[in-house]
Every structure is written in structure tokens, then in C-alpha cells.
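Visitor: Sharing input_39.tsv below, TSV, C-alpha atoms:
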chain	number	residue	atom	x	y	z
A	1	MET	CA	-0.58	22.55	2.24
A	2	PRO	CA	1.93	19.63	2.41
A	3	ALA	CA	0.01	18.13	5.34
A	4	MET	CA	-3.31	18.54	3.52
A	5	ALA	CA	-1.79	16.91	0.45
A	6	LEU	CA	-0.89	13.84	2.52
A	7	VAL	CA	-4.36	13.76	4.03
A	8	LEU	CA	-5.79	13.77	0.50
A	9	ASN	CA	-3.60	10.80	-0.38
A	10	ALA	CA	-4.74	8.93	2.73
A	11	LEU	CA	-8.38	9.76	1.98
A	12	VAL	CA	-8.19	8.39	-1.58
A	13	TRP	CA	-6.60	5.15	-0.40
A	14	GLY	CA	-8.85	4.90	2.65
A	15	VAL	CA	-12.11	5.01	0.67
A	16	SER	CA	-10.82	3.27	-2.48
A	17	TRP	CA	-12.54	0.06	-1.38
A	18	TRP	CA	-15.91	1.53	-2.41
A	19	PRO	CA	-15.16	2.17	-6.12
A	20	PHE	CA	-13.34	-1.19	-6.35
A	21	ARG	CA	-16.47	-2.92	-5.05
A	22	ALA	CA	-18.63	-0.85	-7.37
A	23	LEU	CA	-16.48	-1.97	-10.31
A	24	GLU	CA	-16.67	-5.60	-9.25
A	25	ALA	CA	-20.48	-5.29	-9.13
A	26	ARG	CA	-20.25	-4.15	-12.77
A	27	GLY	CA	-18.23	-7.23	-13.71
A	28	LEU	CA	-14.68	-5.82	-13.51
A	29	HIS	CA	-12.41	-7.72	-11.11
A	30	PRO	CA	-10.21	-5.52	-8.86
A	31	LEU	CA	-7.06	-6.95	-10.45
A	32	TRP	CA	-8.13	-5.77	-13.90
A	33	ALA	CA	-9.16	-2.43	-12.42
A	34	THR	CA	-5.74	-2.08	-10.76
A	35	ALA	CA	-3.95	-2.87	-14.03
A	36	PHE	CA	-5.98	-0.21	-15.89
A	37	ILE	CA	-5.45	2.40	-13.16
A	38	TYR	CA	-1.67	2.05	-13.18
A	39	LEU	CA	-1.49	1.77	-16.94
A	40	PHE	CA	-3.17	5.19	-17.06
A	41	ALA	CA	-0.66	6.55	-14.52
A	42	LEU	CA	2.23	4.99	-16.47
A	43	VAL	CA	1.12	6.60	-19.74
A	44	CYS	CA	0.80	9.99	-18.04
A	45	LEU	CA	4.25	9.67	-16.48
A	46	LEU	CA	5.93	8.75	-19.77
A	47	ALA	CA	4.12	11.58	-21.55
A	48	PHE	CA	5.68	14.14	-19.19
A	49	LYS	CA	8.89	12.29	-18.22
A	50	PRO	CA	9.92	10.16	-21.23
A	51	GLN	CA	13.50	10.03	-19.91
A	52	ALA	CA	12.31	7.83	-17.04
A	53	TRP	CA	13.06	4.78	-19.17
A	54	ARG	CA	16.76	5.61	-19.35
A	55	GLY	CA	17.17	5.64	-15.58
A	56	PHE	CA	15.10	2.48	-15.24
A	57	ILE	CA	17.28	0.58	-17.72
A	58	LYS	CA	20.45	1.93	-16.09
A	59	HIS	CA	19.46	0.62	-12.65
A	60	PRO	CA	18.33	-3.06	-12.87
A	61	ALA	CA	17.68	-3.12	-9.11
A	62	LEU	CA	14.50	-1.16	-9.82
A	63	TRP	CA	12.95	-4.43	-11.01
A	64	TRP	CA	12.68	-5.39	-7.35
A	65	LEU	CA	10.63	-2.24	-6.83
A	66	VAL	CA	8.39	-3.30	-9.72
A	67	LEU	CA	7.73	-6.59	-7.92
A	68	ALA	CA	7.20	-5.13	-4.45
A	69	ALA	CA	5.03	-2.17	-5.49
A	70	GLY	CA	2.98	-4.36	-7.80
A	71	LEU	CA	2.28	-6.98	-5.14
A	72	THR	CA	1.33	-4.22	-2.69
A	73	ASN	CA	-1.48	-3.12	-4.98
A	74	VAL	CA	-2.51	-6.67	-5.86
A	75	GLY	CA	-2.85	-7.55	-2.18
A	76	PHE	CA	-4.53	-4.40	-0.89
A	77	ASN	CA	-6.96	-3.70	-3.74
A	78	TRP	CA	-8.14	-7.30	-3.97
A	79	ALA	CA	-8.41	-7.70	-0.20
A	80	VAL	CA	-10.55	-4.59	0.44
A	81	THR	CA	-12.88	-5.71	-2.34
A	82	VAL	CA	-13.60	-9.19	-0.96
A	83	GLY	CA	-12.97	-8.88	2.80
A	84	ASP	CA	-13.95	-6.94	5.90
A	85	VAL	CA	-12.37	-3.55	5.19
A	86	VAL	CA	-11.49	-2.74	8.82
A	87	ARG	CA	-9.78	-6.10	9.34
A	88	VAL	CA	-7.95	-5.85	6.00
A	89	VAL	CA	-6.58	-2.36	6.68
A	90	LEU	CA	-5.35	-3.32	10.16
A	91	LEU	CA	-3.56	-6.41	8.84
A	92	PHE	CA	-2.13	-4.39	5.96
A	93	TYR	CA	-0.66	-1.82	8.35
A	94	LEU	CA	1.51	-4.40	10.10
A	95	MET	CA	4.43	-2.20	9.08
A	96	PRO	CA	6.55	-2.25	12.30
A	97	ALA	CA	6.80	-6.03	12.26
A	98	TRP	CA	7.76	-6.34	8.60
A	99	VAL	CA	10.22	-3.45	8.76
A	100	VAL	CA	12.09	-5.07	11.67
A	101	VAL	CA	12.26	-8.33	9.73
A	102	LEU	CA	13.39	-6.75	6.44
A	103	ALA	CA	15.60	-3.85	7.53
A	104	TRP	CA	18.36	-6.08	8.92
A	105	PRO	CA	19.12	-8.15	5.79
A	106	LEU	CA	18.38	-5.35	3.29
A	107	LEU	CA	19.65	-2.22	5.05
A	108	GLY	CA	22.00	-3.64	7.66
A	109	GLU	CA	19.91	-2.13	10.48
A	110	LYS	CA	20.08	-4.54	13.41
A	111	PRO	CA	16.95	-4.64	15.58
A	112	THR	CA	17.12	-2.68	18.81
A	113	ALA	CA	15.29	-3.32	22.05
A	114	GLY	CA	12.74	-0.70	21.04
A	115	SER	CA	12.14	-2.21	17.60
A	116	LEU	CA	11.74	-5.69	19.11
A	117	PHE	CA	9.19	-4.28	21.57
A	118	ARG	CA	7.25	-2.70	18.69
A	119	LEU	CA	7.45	-6.01	16.85
A	120	ALA	CA	5.99	-7.82	19.87
A	121	LEU	CA	3.18	-5.24	20.14
A	122	ALA	CA	2.27	-5.55	16.46
A	123	LEU	CA	2.32	-9.35	16.53
A	124	ALA	CA	0.18	-9.41	19.65
A	125	GLY	CA	-2.30	-7.17	17.85
A	126	VAL	CA	-2.38	-9.51	14.86
A	127	VAL	CA	-2.99	-12.52	17.11
A	128	ILE	CA	-5.96	-10.76	18.71
A	129	VAL	CA	-7.40	-9.72	15.33
A	130	LEU	CA	-6.99	-13.16	13.75
A	131	LYS	CA	-8.14	-15.27	16.69
A	132	THR	CA	-11.89	-15.79	16.48
A	133	PRO	CA	-14.19	-17.93	18.64
A	134	THR	CA	-14.49	-20.41	15.78
A	135	SER	CA	-10.76	-20.73	15.05
A	136	ALA	CA	-8.45	-22.95	17.08
A	137	TRP	CA	-5.37	-20.90	16.22
A	138	PRO	CA	-4.79	-17.23	15.29
A	139	VAL	CA	-4.13	-17.88	11.62
A	140	PRO	CA	-5.51	-16.12	8.51
A	141	GLN	CA	-9.10	-17.22	8.00
A	142	SER	CA	-9.77	-16.16	4.43
A	143	LEU	CA	-8.31	-15.08	1.12
A	144	ALA	CA	-8.71	-11.46	2.22
A	145	ASP	CA	-6.55	-12.07	5.32
A	146	TRP	CA	-3.75	-13.62	3.26
A	147	LEU	CA	-3.94	-10.85	0.66
A	148	ALA	CA	-3.83	-8.14	3.34
A	149	LEU	CA	-0.77	-9.69	5.01
A	150	MET	CA	0.96	-10.17	1.66
A	151	GLY	CA	0.14	-6.59	0.64
A	152	GLY	CA	1.42	-5.19	3.93
A	153	PHE	CA	4.66	-7.16	3.67
A	154	SER	CA	5.12	-5.91	0.10
A	155	PHE	CA	4.35	-2.34	1.25
A	156	ALA	CA	7.11	-2.55	3.89
A	157	LEU	CA	9.48	-3.97	1.27
A	158	THR	CA	8.55	-1.16	-1.11
A	159	ASN	CA	9.44	1.49	1.46
A	160	ILE	CA	12.75	-0.20	2.30
A	161	LEU	CA	13.63	-0.48	-1.39
A	162	LEU	CA	12.83	3.20	-1.89
A	163	ARG	CA	15.34	4.00	0.86
A	164	ARG	CA	17.93	1.65	-0.61
A	165	LEU	CA	17.42	2.99	-4.15
A	166	ASN	CA	17.20	6.67	-3.19
A	167	GLN	CA	20.11	7.54	-5.50
A	168	THR	CA	18.18	6.48	-8.59
A	169	PRO	CA	16.21	9.12	-10.57
A	170	GLU	CA	12.84	9.89	-8.98
A	171	GLU	CA	10.95	9.51	-12.25
A	172	SER	CA	12.54	6.08	-12.75
A	173	ARG	CA	11.35	4.97	-9.32
A	174	MET	CA	7.86	6.20	-10.17
A	175	LEU	CA	8.01	4.29	-13.46
A	176	ALA	CA	8.93	1.15	-11.52
A	177	MET	CA	6.02	1.62	-9.12
A	178	PHE	CA	3.44	2.43	-11.81
A	179	GLY	CA	4.80	-0.32	-14.04
A	180	GLY	CA	4.65	-2.74	-11.13
A	181	GLY	CA	1.00	-1.97	-10.52
A	182	THR	CA	0.25	-2.55	-14.20
A	183	VAL	CA	2.35	-5.66	-14.81
A	184	MET	CA	1.82	-7.52	-11.53
A	185	ALA	CA	-1.93	-6.90	-11.44
A	186	GLY	CA	-2.24	-7.94	-15.08
A	187	LEU	CA	-0.20	-11.11	-14.57
A	188	ALA	CA	-2.11	-11.96	-11.40
A	189	ALA	CA	-5.41	-11.47	-13.24
A	190	LEU	CA	-4.31	-13.79	-16.06
A	191	ALA	CA	-3.10	-16.41	-13.59
A	192	GLY	CA	-6.32	-16.09	-11.62
A	193	MET	CA	-8.34	-16.62	-14.77
A	194	GLY	CA	-6.43	-19.79	-15.48
A	195	LEU	CA	-7.23	-21.07	-11.98
A	196	GLY	CA	-10.84	-19.98	-12.16
A	197	HIS	CA	-10.58	-17.36	-9.40
A	198	VAL	CA	-10.73	-14.23	-11.59
A	199	THR	CA	-13.37	-13.34	-14.14
A	200	GLY	CA	-12.45	-12.17	-17.62
A	201	LEU	CA	-12.82	-8.62	-18.85
A	202	PRO	CA	-16.45	-7.54	-19.32
A	203	ALA	CA	-17.68	-6.03	-22.54
A	204	PRO	CA	-16.75	-2.33	-22.78
A	205	GLY	CA	-19.40	-0.17	-21.21
A	206	LEU	CA	-19.70	3.43	-20.11
A	207	ASP	CA	-20.66	2.37	-16.58
A	208	TRP	CA	-17.35	0.71	-15.69
A	209	VAL	CA	-15.04	2.47	-18.16
A	210	GLY	CA	-16.09	5.88	-16.82
A	211	LEU	CA	-15.61	4.76	-13.20
A	212	VAL	CA	-12.17	3.35	-13.99
A	213	LEU	CA	-11.18	6.66	-15.56
A	214	LEU	CA	-12.37	8.63	-12.53
A	215	LEU	CA	-10.59	6.25	-10.16
A	216	SER	CA	-7.41	6.50	-12.26
A	217	LEU	CA	-7.50	10.29	-12.01
A	218	ALA	CA	-8.05	10.06	-8.25
A	219	PHE	CA	-5.08	7.71	-7.78
A	220	LEU	CA	-2.88	9.87	-9.98
A	221	ALA	CA	-3.82	12.96	-7.98
A	222	SER	CA	-3.19	11.13	-4.71
A	223	ASN	CA	0.27	10.06	-5.86
A	224	LEU	CA	1.15	13.60	-6.89
A	225	ALA	CA	-0.12	14.80	-3.52
A	226	LEU	CA	2.09	12.24	-1.78
A	227	GLN	CA	5.15	13.33	-3.76
A	228	TYR	CA	4.40	16.98	-2.95
A	229	GLY	CA	3.76	16.47	0.75
A	230	ALA	CA	6.50	13.92	1.48
A	231	ALA	CA	9.13	16.14	-0.15
A	232	ARG	CA	8.26	19.05	2.18
A	233	LEU	CA	7.72	17.35	5.54
A	234	GLN	CA	9.91	15.23	7.76
A	235	ALA	CA	9.52	11.51	7.12
A	236	SER	CA	8.20	11.01	10.66
A	237	ALA	CA	5.42	13.53	10.07
A	238	THR	CA	4.61	11.90	6.73
A	239	SER	CA	4.30	8.47	8.34
A	240	LEU	CA	2.09	9.81	11.11
A	241	ILE	CA	-0.29	11.59	8.75
A	242	MET	CA	-0.51	8.53	6.50
A	243	LEU	CA	-1.94	6.54	9.42
A	244	SER	CA	-5.13	8.58	8.94
A	245	GLU	CA	-5.87	6.15	6.09
A	246	VAL	CA	-6.86	3.63	8.77
A	247	VAL	CA	-9.40	6.11	10.13
A	248	PHE	CA	-10.85	6.95	6.71
A	249	ALA	CA	-11.12	3.28	5.76
A	250	SER	CA	-12.60	2.14	9.07
A	251	VAL	CA	-15.18	4.91	9.43
A	252	SER	CA	-16.36	4.70	5.82
A	253	ALA	CA	-16.54	0.89	5.94
A	254	VAL	CA	-18.54	0.82	9.17
A	255	LEU	CA	-20.94	3.51	7.97
A	256	LEU	CA	-21.52	1.72	4.65
A	257	GLY	CA	-21.68	-1.79	6.08
A	258	ALA	CA	-18.40	-3.09	4.62
A	259	GLY	CA	-16.63	-3.55	7.96
A	260	GLU	CA	-17.29	-4.35	11.59
A	261	LEU	CA	-15.73	-2.86	14.73
A	262	THR	CA	-15.78	-5.70	17.24
A	263	GLY	CA	-14.09	-5.54	20.63
A	264	ARG	CA	-11.43	-7.96	19.39
A	265	THR	CA	-10.74	-5.86	16.31
A	266	LEU	CA	-10.50	-2.67	18.36
A	267	ALA	CA	-8.11	-4.24	20.87
A	268	GLY	CA	-5.86	-5.84	18.27
A	269	GLY	CA	-6.00	-2.83	16.00
A	270	GLY	CA	-5.10	-0.59	18.91
A	271	LEU	CA	-1.90	-2.56	19.51
A	272	ILE	CA	-0.98	-2.50	15.82
A	273	LEU	CA	-1.53	1.26	15.60
A	274	LEU	CA	0.36	1.81	18.88
A	275	ALA	CA	3.33	-0.06	17.41
A	276	SER	CA	3.14	2.16	14.31
A	277	LEU	CA	2.97	5.34	16.41
A	278	LEU	CA	5.94	4.25	18.53
A	279	SER	CA	7.84	3.53	15.31
A	280	VAL	CA	7.14	7.05	14.05
A	281	MET	CA	8.18	8.59	17.39
A	282	SER	CA	11.38	6.54	17.40
A	283	PHE	CA	12.25	7.68	13.89
A	284	ARG	CA	11.54	11.30	14.79
A	285	SER	CA	13.79	11.23	17.86
A	286	SER	CA	16.68	9.72	15.88
A	287	SER	CA	16.43	12.21	12.99
A	288	GLN	CA	18.26	15.50	12.77
A	289	PRO	CA	15.97	18.57	13.20
A	290	GLU	CA	17.12	19.99	9.89
A	291	ASP	CA	16.30	16.80	7.96
A	292	ARG	CA	13.45	17.72	5.61
A	293	SER	CA	13.56	14.65	3.37
A	294	GLY	CA	10.37	12.63	3.00
A	295	SER	CA	9.74	8.97	2.37
A	296	VAL	CA	7.09	7.39	0.19
If you convert what's in this file into C-alpha cells, what do you get?
Guide:
Amino acid sequence: MPAMALVLNALVWGVSWWPFRALEARGLHPLWATAFIYLFALVCLLAFKPQAWRGFIKHPALWWLVLAAGLTNVGFNWAVTVGDVVRVVLLFYLMPAWVVVLAWPLLGEKPTAGSLFRLALALAGVVIVLKTPTSAWPVPQSLADWLALMGGFSFALTNILLRRLNQTPEESRMLAMFGGGTVMAGLAALAGMGLGHVTGLPAPGLDWVGLVLLLSLAFLASNLALQYGAARLQASATSLIMLSEVVFASVSAVLLGAGELTGRTLAGGGLILLASLLSVMSFRSSSQPEDRSGSV
């Protein structure tokens, strides 16, 4: 059951690009949709855990989690709506590289030879994915590329902050993450409107309001599934199962015409995923067998 719960979480995230695109076709920008989704989750959390505010106020460092978790959702949800889904997901999952970069200053974990090798693998994969016949250099080619890289960096920062703030109340960390999705997406939408890149809210209609509600329930269920599964499996197993999101996203995108599996994408993506798998294996070998704590 814990493993199936994590698979459910990966499935929801892996195919979330489709409802976000459906909402955009109905006039609702993915940033507004993200703000509504996490506002719904925030209201539900406070209804059942009203004491979450006390822990949040007591630990000001949780504001960093608000920023990191919020930017993760801004980057990923916007990117999969406007870009090639396969390419976006691969760039988003550049976790080994960002973790090596961030873990030293934030956790005091100096890079080892193994972590530097995984970093080199992941970066080589990114170079292959980004380098196209029409580009002189392997640099991000579109808004979706930049958003995916920003979202992946923020995702790595979110996980490191969760480790650093693991002594804070769990409900307060959830409040920070849900609040981050609400506040950062809302602020980004307002800023985007001012710059002319984001459309305003459409008139209320059953077509998009109903879809937002269903998507909100799906994301809430997936988060509960993640909390359930990660708390009962080793963190290495959790990380490995979560990589199935790449499979769900890639297969669904290719079948529905929202992504393309080119030879370059497969080669670069293979290196990125290999770096992630080696990272999981390294974590597993360094953990105690009796350690049953999970990571989000």
C-alpha cells in the first residue's frame, strides 16, 4: 500500500499537464489554476489542523520553504502547459546536479567523488537535451526550458529545506508548502499580467471551475498519498518510486501529442535518469537498514 500510494502521487503529477492545458484552453492560465489548487489545499489543511499557524509563526525559517515550494509549482505547472512535456520533465528532474550544488552550503555536505560523477552525468544529459541542430550552444531555447530548470532547482531546494527543517511541526511544513503554492503562483500571475504575459481571470463558468475543483481534489489526494507512503518506506525507495513520474509524463505526452521522443532526448534523458538512479543507490547504501524515515 505505501508503494502504491507513491505511484498514485507520481501518476497525478505525471499526467497533470493535460488538465492544466485543458484549463488554459478554457481561458484559465496555469498560474491562476495553481493558486486556486493550493488555496483549496490550504483551506482543507487549516480546517483539520488549525494549530499549523502556531508552528509556522514560531519558525520563521519556514518562509524559505514557502518561497522554494511555491516556485517549484510555478515553474513546473507553467512549463508543462506551454512546452514539450517530455523535455520539461527531464529538465525538471535535474535533481542530482542541484542537490550537489545546494547541499554543501545549506547542509554542510561536501561533494564526494561519487556525487561529482553524478553531477557530471546529469550535466552531460542536459547538454544533449538542450543542444539542437539550430542552436549554436546548449542553452535553454524557450520559456518552458527556463521554467523547467527553475522549477527543478526549486524542487531540490525544497527537499533540502525539508531535511534542514525536519524538527518543525509537520503540519506547519505542509502549511508552508500549500501557502507557497498559493502565494507565489498568485504573485507570479499578477506580475505576469502587468508584463502582458499572463491573461486575467476568465468569467466564472462551470467548465473551468468544475475542472479546477477536480484537479484540486486530485492534488490533495496525491499529497496525502505522498505523506502516507513516504512515512512508511525508506527515503531511497521513495525517491526511486517517484521517478515513475517521468514515465507517466513521457508516455502520456507522446500518446496525446504533447511531447516528442527524439534520439537526442532519449540519450540526454537517459543520462539524467541514470544520475538520479545512482543518487538513490548511493543514499540507500549509506543509510542504516533500520531507518524507516521518508523524505518528501
Visitor: Find the spatial neighbours of Ser244 (chain A), counting only C-alpha atoms, within a cut-off of 12 Å - ignore same-chain residues fewer than 4 positions away - and output them as a PyMOL selection string.
Guide: chain A and resi 3-4+6-15+89-90+93+237-240+248-251+273+276-277
Visitor: Just give me the gap between CA of Ala275 (chain A) and CA of Ala79 (chain A) in Å, one decimal is fine.
Guide: 22.5 Å
Visitor: How far is it from CA of Gly27 (chain A) to CA of Leu187 (chain A), in Å with one decimal?
Guide: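 Separation of CA of Gly27 (chain A) and CA of Leu187 (chain A): 18.5 Å.
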Visitor: Rounded to one decimal, what separation in Å do you get between CA of Ala122 (chain A) and CA of Leu274 (chain A)?
Guide: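 If I compute the distance from CA of Ala122 (chain A) to CA of Leu274 (chain A), I get 8.0 Å.
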Visitor: Find, counting only C-alpha atoms, the residue in A:Phe153, A:Gly186, A:Pro169, A:Val280 that gets nearest to Gln234 (chain A).
Guide: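 Closest residue, counting only C-alpha atoms: A:Val280.
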Visitor: Which of these, A:Asn166, A:Ser279, A:Asn159, A:Thr72, has the shortest distance to Leu116 (chain A) once you count only C-alpha atoms?
Guide: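 With only C-alpha atoms as the atom set, the closest residue is A:Ser279.
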Visitor: Applying 10 Å and only C-alpha atoms, which residues near Ala203 (chain A) remain after dropping the ones on its own chain fewer than 5 positions away? List them as a PDB file with C-alpha atoms, in the frame of the given file.
Guide:
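out-v6.pdb, freshly written:
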ATOM      1  CA  GLY A  27     -18.230  -7.230 -13.710  1.00  0.00           C
ATOM      2  CA  LEU A  28     -14.680  -5.820 -13.510  1.00  0.00           C
ATOM      3  CA  TRP A 208     -17.350   0.710 -15.690  1.00  0.00           C
ATOM      4  CA  VAL A 209     -15.040   2.470 -18.160  1.00  0.00           C
TER       5      VAL A 209
END
Visitor: Using only C-alpha atoms, pick whichever of A:Cys44, A:Ala52, A:Leu65, A:Leu161 has the shortest atom-to-atom distance to Val99 (chain A).
Guide: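 Between A:Cys44, A:Ala52, A:Leu65, A:Leu161, the residue approaching Val99 (chain A) most closely is A:Leu161.
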Visitor: Nearest residue to Val129 (chain A) out of A:Val88, A:Ala47, A:Leu147, A:Ala225, using all atoms listed in the file?
Guide: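 Between A:Val88, A:Ala47, A:Leu147, A:Ala225, the residue approaching Val129 (chain A) most closely is A:Val88.
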Visitor: Mind listing as a PDB file with C-alpha atoms, keeping the file's coordinate frame all residues within 9 Å of (6.2, 0.3, -10.2), counting all atoms listed in the file?
Guide:
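Written output follows (point07.pdb):
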ATOM      1  CA  TYR A  38      -1.670   2.050 -13.180  1.00  0.00           C
ATOM      2  CA  LEU A  42       2.230   4.990 -16.470  1.00  0.00           C
ATOM      3  CA  LEU A  62      14.500  -1.160  -9.820  1.00  0.00           C
ATOM      4  CA  TRP A  63      12.950  -4.430 -11.010  1.00  0.00           C
ATOM      5  CA  LEU A  65      10.630  -2.240  -6.830  1.00  0.00           C
ATOM      6  CA  VAL A  66       8.390  -3.300  -9.720  1.00  0.00           C
ATOM      7  CA  LEU A  67       7.730  -6.590  -7.920  1.00  0.00           C
ATOM      8  CA  ALA A  68       7.200  -5.130  -4.450  1.00  0.00           C
ATOM      9  CA  ALA A  69       5.030  -2.170  -5.490  1.00  0.00           C
ATOM     10  CA  GLY A  70       2.980  -4.360  -7.800  1.00  0.00           C
ATOM     11  CA  SER A 172      12.540   6.080 -12.750  1.00  0.00           C
ATOM     12  CA  ARG A 173      11.350   4.970  -9.320  1.00  0.00           C
ATOM     13  CA  MET A 174       7.860   6.200 -10.170  1.00  0.00           C
ATOM     14  CA  LEU A 175       8.010   4.290 -13.460  1.00  0.00           C
ATOM     15  CA  ALA A 176       8.930   1.150 -11.520  1.00  0.00           C
ATOM     16  CA  MET A 177       6.020   1.620  -9.120  1.00  0.00           C
ATOM     17  CA  PHE A 178       3.440   2.430 -11.810  1.00  0.00           C
ATOM     18  CA  GLY A 179       4.800  -0.320 -14.040  1.00  0.00           C
ATOM     19  CA  GLY A 180       4.650  -2.740 -11.130  1.00  0.00           C
ATOM     20  CA  GLY A 181       1.000  -1.970 -10.520  1.00  0.00           C
ATOM     21  CA  THR A 182       0.250  -2.550 -14.200  1.00  0.00           C
ATOM     22  CA  VAL A 183       2.350  -5.660 -14.810  1.00  0.00           C
TER      23      VAL A 183
END
Visitor: My list of candidates is A:Gln167, A:Pro138, A:Asp84, A:Ile160. Which is closest to Lys58 (chain A) when distances are computed with all atoms listed in the file?
Guide: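 Of A:Gln167, A:Pro138, A:Asp84, A:Ile160, the one nearest Lys58 (chain A) is A:Gln167, counting all atoms listed in the file.
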Visitor: Between A:Ala144, A:Ala258, A:Met242, A:Val43, single out the one closest to Val74 (chain A), counting all atoms listed in the file.
Guide: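 Closest to Val74 (chain A) of all the choices is A:Ala144.
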Visitor: With 8 Å added on each side, what axis-aligned box encloses every listed atom of region 201-211 of chain A? Give the centre and edge lengths in Å to one decimal, as JSON.
Guide:
{"center_x": -16.7, "center_y": -1.4, "center_z": -18.0, "size_x": 23.8, "size_y": 30.5, "size_z": 25.6}
